[in-house]
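Structure file run02.txt (compact mmCIF, N, CA, C and O atoms) is printed below.
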# COMPACT_ATOMS: atom_id res chain seq x y z
N MET A 180 0.84 -7.50 -9.03
CA MET A 180 -0.29 -7.49 -9.90
C MET A 180 0.23 -7.58 -11.33
O MET A 180 0.57 -6.58 -11.93
N THR A 181 0.33 -8.78 -11.73
CA THR A 181 0.90 -9.03 -13.03
C THR A 181 -0.17 -9.56 -13.96
O THR A 181 -1.27 -9.88 -13.55
N GLY A 182 0.18 -9.64 -15.19
CA GLY A 182 -0.75 -10.17 -16.17
C GLY A 182 -1.39 -9.06 -16.98
O GLY A 182 -1.20 -7.89 -16.72
N ARG A 183 -2.15 -9.48 -17.93
CA ARG A 183 -2.82 -8.52 -18.81
C ARG A 183 -4.09 -8.04 -18.14
O ARG A 183 -4.92 -8.83 -17.74
N ASP A 184 -4.23 -6.75 -18.02
CA ASP A 184 -5.42 -6.20 -17.37
C ASP A 184 -6.45 -5.70 -18.37
O ASP A 184 -7.51 -5.23 -17.99
N GLY A 185 -6.15 -5.77 -19.65
CA GLY A 185 -7.09 -5.34 -20.66
C GLY A 185 -7.39 -3.85 -20.60
O GLY A 185 -8.45 -3.42 -20.99
N GLY A 186 -6.45 -3.06 -20.06
CA GLY A 186 -6.64 -1.63 -19.97
C GLY A 186 -7.58 -1.21 -18.86
O GLY A 186 -8.02 -0.07 -18.81
N ARG A 187 -7.88 -2.11 -17.95
CA ARG A 187 -8.78 -1.80 -16.84
C ARG A 187 -8.02 -1.36 -15.61
O ARG A 187 -6.87 -1.71 -15.41
N THR A 188 -8.69 -0.62 -14.77
CA THR A 188 -8.14 -0.22 -13.48
C THR A 188 -8.60 -1.23 -12.44
O THR A 188 -9.75 -1.63 -12.43
N ARG A 189 -7.67 -1.64 -11.58
CA ARG A 189 -8.01 -2.57 -10.50
C ARG A 189 -7.80 -1.90 -9.16
O ARG A 189 -6.81 -1.20 -8.97
N LEU A 190 -8.70 -2.13 -8.26
CA LEU A 190 -8.57 -1.67 -6.88
C LEU A 190 -8.31 -2.90 -6.03
O LEU A 190 -9.11 -3.84 -6.03
N VAL A 191 -7.20 -2.90 -5.31
CA VAL A 191 -6.82 -4.03 -4.48
C VAL A 191 -6.69 -3.54 -3.04
O VAL A 191 -6.02 -2.54 -2.78
N VAL A 192 -7.32 -4.23 -2.13
CA VAL A 192 -7.20 -3.91 -0.71
C VAL A 192 -6.27 -4.95 -0.10
O VAL A 192 -6.51 -6.15 -0.25
N THR A 193 -5.21 -4.49 0.57
CA THR A 193 -4.24 -5.43 1.11
C THR A 193 -3.62 -4.93 2.40
O THR A 193 -3.57 -3.73 2.65
N HIS A 194 -3.18 -5.88 3.19
CA HIS A 194 -2.36 -5.60 4.37
C HIS A 194 -0.98 -6.21 4.19
O HIS A 194 -0.20 -6.23 5.13
N ARG A 195 -0.71 -6.70 2.99
CA ARG A 195 0.58 -7.35 2.71
C ARG A 195 1.50 -6.37 2.00
O ARG A 195 1.15 -5.81 0.96
N VAL A 196 2.67 -6.18 2.56
CA VAL A 196 3.62 -5.22 2.01
C VAL A 196 4.04 -5.61 0.59
O VAL A 196 4.20 -4.75 -0.28
N ALA A 197 4.17 -6.90 0.33
CA ALA A 197 4.59 -7.34 -1.00
C ALA A 197 3.55 -6.98 -2.06
O ALA A 197 3.90 -6.61 -3.18
N THR A 198 2.29 -7.05 -1.71
CA THR A 198 1.23 -6.69 -2.65
C THR A 198 1.20 -5.18 -2.85
O THR A 198 1.09 -4.70 -3.98
N ALA A 199 1.31 -4.42 -1.79
CA ALA A 199 1.33 -2.95 -1.90
C ALA A 199 2.50 -2.49 -2.76
O ALA A 199 2.38 -1.54 -3.54
N ALA A 200 3.61 -3.18 -2.65
CA ALA A 200 4.81 -2.79 -3.40
C ALA A 200 4.64 -2.96 -4.90
O ALA A 200 5.33 -2.30 -5.68
N THR A 201 3.73 -3.80 -5.34
CA THR A 201 3.55 -4.02 -6.77
C THR A 201 2.56 -3.04 -7.41
O THR A 201 2.46 -2.98 -8.62
N ALA A 202 1.88 -2.27 -6.58
CA ALA A 202 0.88 -1.33 -7.09
C ALA A 202 1.55 -0.10 -7.69
O ALA A 202 2.60 0.34 -7.24
N ASP A 203 0.92 0.47 -8.71
CA ASP A 203 1.41 1.72 -9.30
C ASP A 203 1.24 2.88 -8.32
O ASP A 203 2.06 3.77 -8.25
N LEU A 204 0.14 2.83 -7.58
CA LEU A 204 -0.20 3.91 -6.67
C LEU A 204 -0.91 3.31 -5.46
O LEU A 204 -1.74 2.41 -5.61
N VAL A 205 -0.59 3.82 -4.27
CA VAL A 205 -1.18 3.33 -3.03
C VAL A 205 -2.00 4.44 -2.39
O VAL A 205 -1.51 5.56 -2.23
N ALA A 206 -3.24 4.13 -2.05
CA ALA A 206 -4.07 5.03 -1.26
C ALA A 206 -3.99 4.52 0.18
O ALA A 206 -4.50 3.45 0.50
N TRP A 207 -3.33 5.28 1.05
CA TRP A 207 -3.14 4.88 2.43
C TRP A 207 -4.30 5.44 3.24
O TRP A 207 -4.47 6.65 3.37
N LEU A 208 -5.12 4.53 3.76
CA LEU A 208 -6.28 4.92 4.57
C LEU A 208 -5.95 4.72 6.04
O LEU A 208 -5.37 3.72 6.43
N ASP A 209 -6.35 5.69 6.84
CA ASP A 209 -6.13 5.63 8.28
C ASP A 209 -7.42 6.08 8.96
O ASP A 209 -7.85 7.21 8.76
N ALA A 210 -8.04 5.18 9.70
CA ALA A 210 -9.31 5.45 10.38
C ALA A 210 -10.37 5.92 9.39
O ALA A 210 -11.16 6.81 9.68
N GLY A 211 -10.37 5.32 8.20
CA GLY A 211 -11.38 5.63 7.20
C GLY A 211 -11.13 6.90 6.40
O GLY A 211 -11.93 7.27 5.56
N ARG A 212 -10.02 7.54 6.63
CA ARG A 212 -9.68 8.77 5.90
C ARG A 212 -8.41 8.56 5.08
O ARG A 212 -7.53 7.82 5.48
N LEU A 213 -8.36 9.26 3.95
CA LEU A 213 -7.18 9.18 3.10
C LEU A 213 -6.03 9.94 3.76
O LEU A 213 -6.11 11.14 3.98
N ARG A 214 -5.00 9.21 4.10
CA ARG A 214 -3.83 9.82 4.74
C ARG A 214 -2.79 10.23 3.71
O ARG A 214 -2.12 11.24 3.88
N ALA A 215 -2.64 9.43 2.65
CA ALA A 215 -1.67 9.75 1.60
C ALA A 215 -2.02 8.98 0.34
O ALA A 215 -2.64 7.92 0.39
N LEU A 216 -1.60 9.54 -0.78
CA LEU A 216 -1.75 8.91 -2.09
C LEU A 216 -0.42 9.07 -2.80
O LEU A 216 -0.04 10.18 -3.16
N ALA A 217 0.30 7.96 -2.95
CA ALA A 217 1.65 8.02 -3.52
C ALA A 217 2.11 6.60 -3.88
O ALA A 217 1.51 5.63 -3.42
N PRO A 218 3.18 6.50 -4.65
CA PRO A 218 3.76 5.17 -4.89
C PRO A 218 4.26 4.57 -3.56
O PRO A 218 4.69 5.30 -2.65
N HIS A 219 4.21 3.26 -3.46
CA HIS A 219 4.65 2.56 -2.26
C HIS A 219 6.07 2.96 -1.86
O HIS A 219 6.34 3.19 -0.68
N ARG A 220 6.95 3.07 -2.84
CA ARG A 220 8.36 3.41 -2.55
C ARG A 220 8.45 4.73 -1.77
O ARG A 220 9.24 4.85 -0.84
N ARG A 221 7.65 5.72 -2.17
CA ARG A 221 7.67 7.01 -1.47
C ARG A 221 7.06 6.89 -0.07
O ARG A 221 7.59 7.43 0.89
N LEU A 222 5.95 6.16 0.03
CA LEU A 222 5.32 5.99 1.34
C LEU A 222 6.21 5.22 2.31
O LEU A 222 6.20 5.48 3.51
N TRP A 223 6.99 4.29 1.79
CA TRP A 223 7.83 3.45 2.63
C TRP A 223 8.86 4.26 3.41
O TRP A 223 9.36 3.82 4.44
N THR A 224 9.14 5.47 2.99
CA THR A 224 10.09 6.32 3.72
C THR A 224 9.46 6.90 5.00
O THR A 224 10.17 7.43 5.84
N ASP A 225 8.15 6.77 5.15
CA ASP A 225 7.44 7.27 6.33
C ASP A 225 7.37 6.17 7.39
O ASP A 225 6.78 5.11 7.15
N PRO A 226 7.93 6.40 8.57
CA PRO A 226 7.91 5.36 9.61
C PRO A 226 6.50 4.94 10.01
O PRO A 226 6.28 3.78 10.37
N ASP A 227 5.53 5.84 9.96
CA ASP A 227 4.16 5.48 10.31
C ASP A 227 3.56 4.51 9.30
O ASP A 227 2.81 3.61 9.66
N TYR A 228 3.90 4.68 8.03
CA TYR A 228 3.43 3.75 6.99
C TYR A 228 4.07 2.38 7.19
O TYR A 228 3.40 1.36 7.15
N ARG A 229 5.36 2.36 7.44
CA ARG A 229 6.05 1.08 7.67
C ARG A 229 5.48 0.36 8.89
O ARG A 229 5.40 -0.86 8.92
N ALA A 230 5.04 1.12 9.89
CA ALA A 230 4.50 0.52 11.11
C ALA A 230 3.18 -0.19 10.88
O ALA A 230 2.79 -1.05 11.67
N VAL A 231 2.50 0.12 9.78
CA VAL A 231 1.24 -0.56 9.45
C VAL A 231 1.48 -2.04 9.20
O VAL A 231 0.63 -2.88 9.47
N PHE A 232 2.65 -2.37 8.70
CA PHE A 232 2.97 -3.74 8.31
C PHE A 232 3.84 -4.41 9.37
O PHE A 232 4.95 -3.98 9.65
N ALA A 233 3.32 -5.50 9.95
CA ALA A 233 4.10 -6.28 10.89
C ALA A 233 4.99 -7.25 10.12
O ALA A 233 4.74 -7.51 8.94
N ASP A 234 5.99 -7.79 10.75
CA ASP A 234 6.87 -8.77 10.09
C ASP A 234 6.09 -9.96 9.56
O ASP A 234 6.47 -10.56 8.57
N ASP A 235 4.99 -10.30 10.20
CA ASP A 235 4.23 -11.46 9.77
C ASP A 235 3.09 -11.09 8.81
O ASP A 235 2.28 -11.94 8.46
N GLY A 236 3.02 -9.83 8.40
CA GLY A 236 2.02 -9.42 7.44
C GLY A 236 0.68 -9.02 8.04
O GLY A 236 -0.23 -8.66 7.34
N VAL A 237 0.59 -9.04 9.37
CA VAL A 237 -0.64 -8.64 10.04
C VAL A 237 -0.57 -7.15 10.33
O VAL A 237 0.43 -6.69 10.88
N PRO A 238 -1.59 -6.37 9.96
CA PRO A 238 -1.53 -4.94 10.20
C PRO A 238 -1.54 -4.60 11.68
O PRO A 238 -2.10 -5.33 12.48
N ARG A 239 -0.89 -3.51 12.00
CA ARG A 239 -0.88 -3.02 13.40
C ARG A 239 -1.65 -1.75 13.48
O ARG A 239 -1.77 -1.01 12.60
Here is a file; write its structure as structure tokens.
Amino acid sequence: MTGRDGGRTRLVVTHRVATAATADLVAWLDAGRLRALAPHRRLWTDPDYRAVFADDGVPR
């Protein structure tokens, strides 16, 4: 998420790991509930979070 945002907050919904990695903060939703709120780098240490992303970018 690059470019000038004009000081606005953006909400991006993604299943792509590359997009999640560019976010300042990730809200990880699981079955409609907030499972975690943290930077992608911190979430990536959780095997369950990594399992959400398939090699081809399709969520599991």
ask   = For Thr201 (chain A), which residue among A:Arg220, A:Arg187, A:Arg229, A:Arg214 is the nearest when counting all atoms listed in the file?
value =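 Once distances to Thr201 (chain A) are computed over all atoms listed in the file, the minimum belongs to A:Arg220.
For the choices A:Leu204, A:Ala215, A:Ala210, A:Val196, the atom-to-atom distance to Phe232 (chain A) is smallest for A:Val196 when using all atoms listed in the file.
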task = Step by step: start from the point (-1.0, 2.1, -5.9) in the file's coordinates, keep every protein, DNA or RNA residue that has an atom no farther than 6 Å from it, count all atoms listed in the file, and write the set as a PyMOL selection string.
result = chain A and resi 199+202-206+217-219
inquiry  = Please compute the atom C of Leu208 (chain A)-atom N of Gly186 (chain A) distance, one decimal, in Å.
reply    =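 Atom N of Gly186 (chain A) lies at a distance of 27.2 Å from atom C of Leu208 (chain A).
CA of Thr188 (chain A) lies 28.1 Å from atom N of Pro226 (chain A).
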inquiry  = Quick check, in Å to one decimal: how far apart do atom O of Asp225 (chain A) and CA of Trp207 (chain A) lie?
reply    =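 If I compute the distance from atom O of Asp225 (chain A) to CA of Trp207 (chain A), I get 11.0 Å.
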task = Run DSSP on the backbone and give me the residues of region 186-229 of chain A it puts in alpha helix (DSSP H), as a PyMOL selection string.
result = chain A and resi 196-201+219-222+226-229
Give me a file of those residues, with N, CA, C and O atoms, as a short mmCIF file (atom, residue, chain, number, x, y, z; two decimals), keeping the file's coordinate frame.
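File produced: result.cif:
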data_model
loop_
_atom_site.label_atom_id
_atom_site.label_comp_id
_atom_site.auth_asym_id
_atom_site.auth_seq_id
_atom_site.Cartn_x
_atom_site.Cartn_y
_atom_site.Cartn_z
N VAL A 196 2.67 -6.18 2.56
CA VAL A 196 3.62 -5.22 2.01
C VAL A 196 4.04 -5.61 0.59
O VAL A 196 4.20 -4.75 -0.28
N ALA A 197 4.17 -6.90 0.33
CA ALA A 197 4.59 -7.34 -1.00
C ALA A 197 3.55 -6.98 -2.06
O ALA A 197 3.90 -6.61 -3.18
N THR A 198 2.29 -7.05 -1.71
CA THR A 198 1.23 -6.69 -2.65
C THR A 198 1.20 -5.18 -2.85
O THR A 198 1.09 -4.70 -3.98
N ALA A 199 1.31 -4.42 -1.79
CA ALA A 199 1.33 -2.95 -1.90
C ALA A 199 2.50 -2.49 -2.76
O ALA A 199 2.38 -1.54 -3.54
N ALA A 200 3.61 -3.18 -2.65
CA ALA A 200 4.81 -2.79 -3.40
C ALA A 200 4.64 -2.96 -4.90
O ALA A 200 5.33 -2.30 -5.68
N THR A 201 3.73 -3.80 -5.34
CA THR A 201 3.55 -4.02 -6.77
C THR A 201 2.56 -3.04 -7.41
O THR A 201 2.46 -2.98 -8.62
N HIS A 219 4.21 3.26 -3.46
CA HIS A 219 4.65 2.56 -2.26
C HIS A 219 6.07 2.96 -1.86
O HIS A 219 6.34 3.19 -0.68
N ARG A 220 6.95 3.07 -2.84
CA ARG A 220 8.36 3.41 -2.55
C ARG A 220 8.45 4.73 -1.77
O ARG A 220 9.24 4.85 -0.84
N ARG A 221 7.65 5.72 -2.17
CA ARG A 221 7.67 7.01 -1.47
C ARG A 221 7.06 6.89 -0.07
O ARG A 221 7.59 7.43 0.89
N LEU A 222 5.95 6.16 0.03
CA LEU A 222 5.32 5.99 1.34
C LEU A 222 6.21 5.22 2.31
O LEU A 222 6.20 5.48 3.51
N PRO A 226 7.93 6.40 8.57
CA PRO A 226 7.91 5.36 9.61
C PRO A 226 6.50 4.94 10.01
O PRO A 226 6.28 3.78 10.37
N ASP A 227 5.53 5.84 9.96
CA ASP A 227 4.16 5.48 10.31
C ASP A 227 3.56 4.51 9.30
O ASP A 227 2.81 3.61 9.66
N TYR A 228 3.90 4.68 8.03
CA TYR A 228 3.43 3.75 6.99
C TYR A 228 4.07 2.38 7.19
O TYR A 228 3.40 1.36 7.15
N ARG A 229 5.36 2.36 7.44
CA ARG A 229 6.05 1.08 7.67
C ARG A 229 5.48 0.36 8.89
O ARG A 229 5.40 -0.86 8.92
#
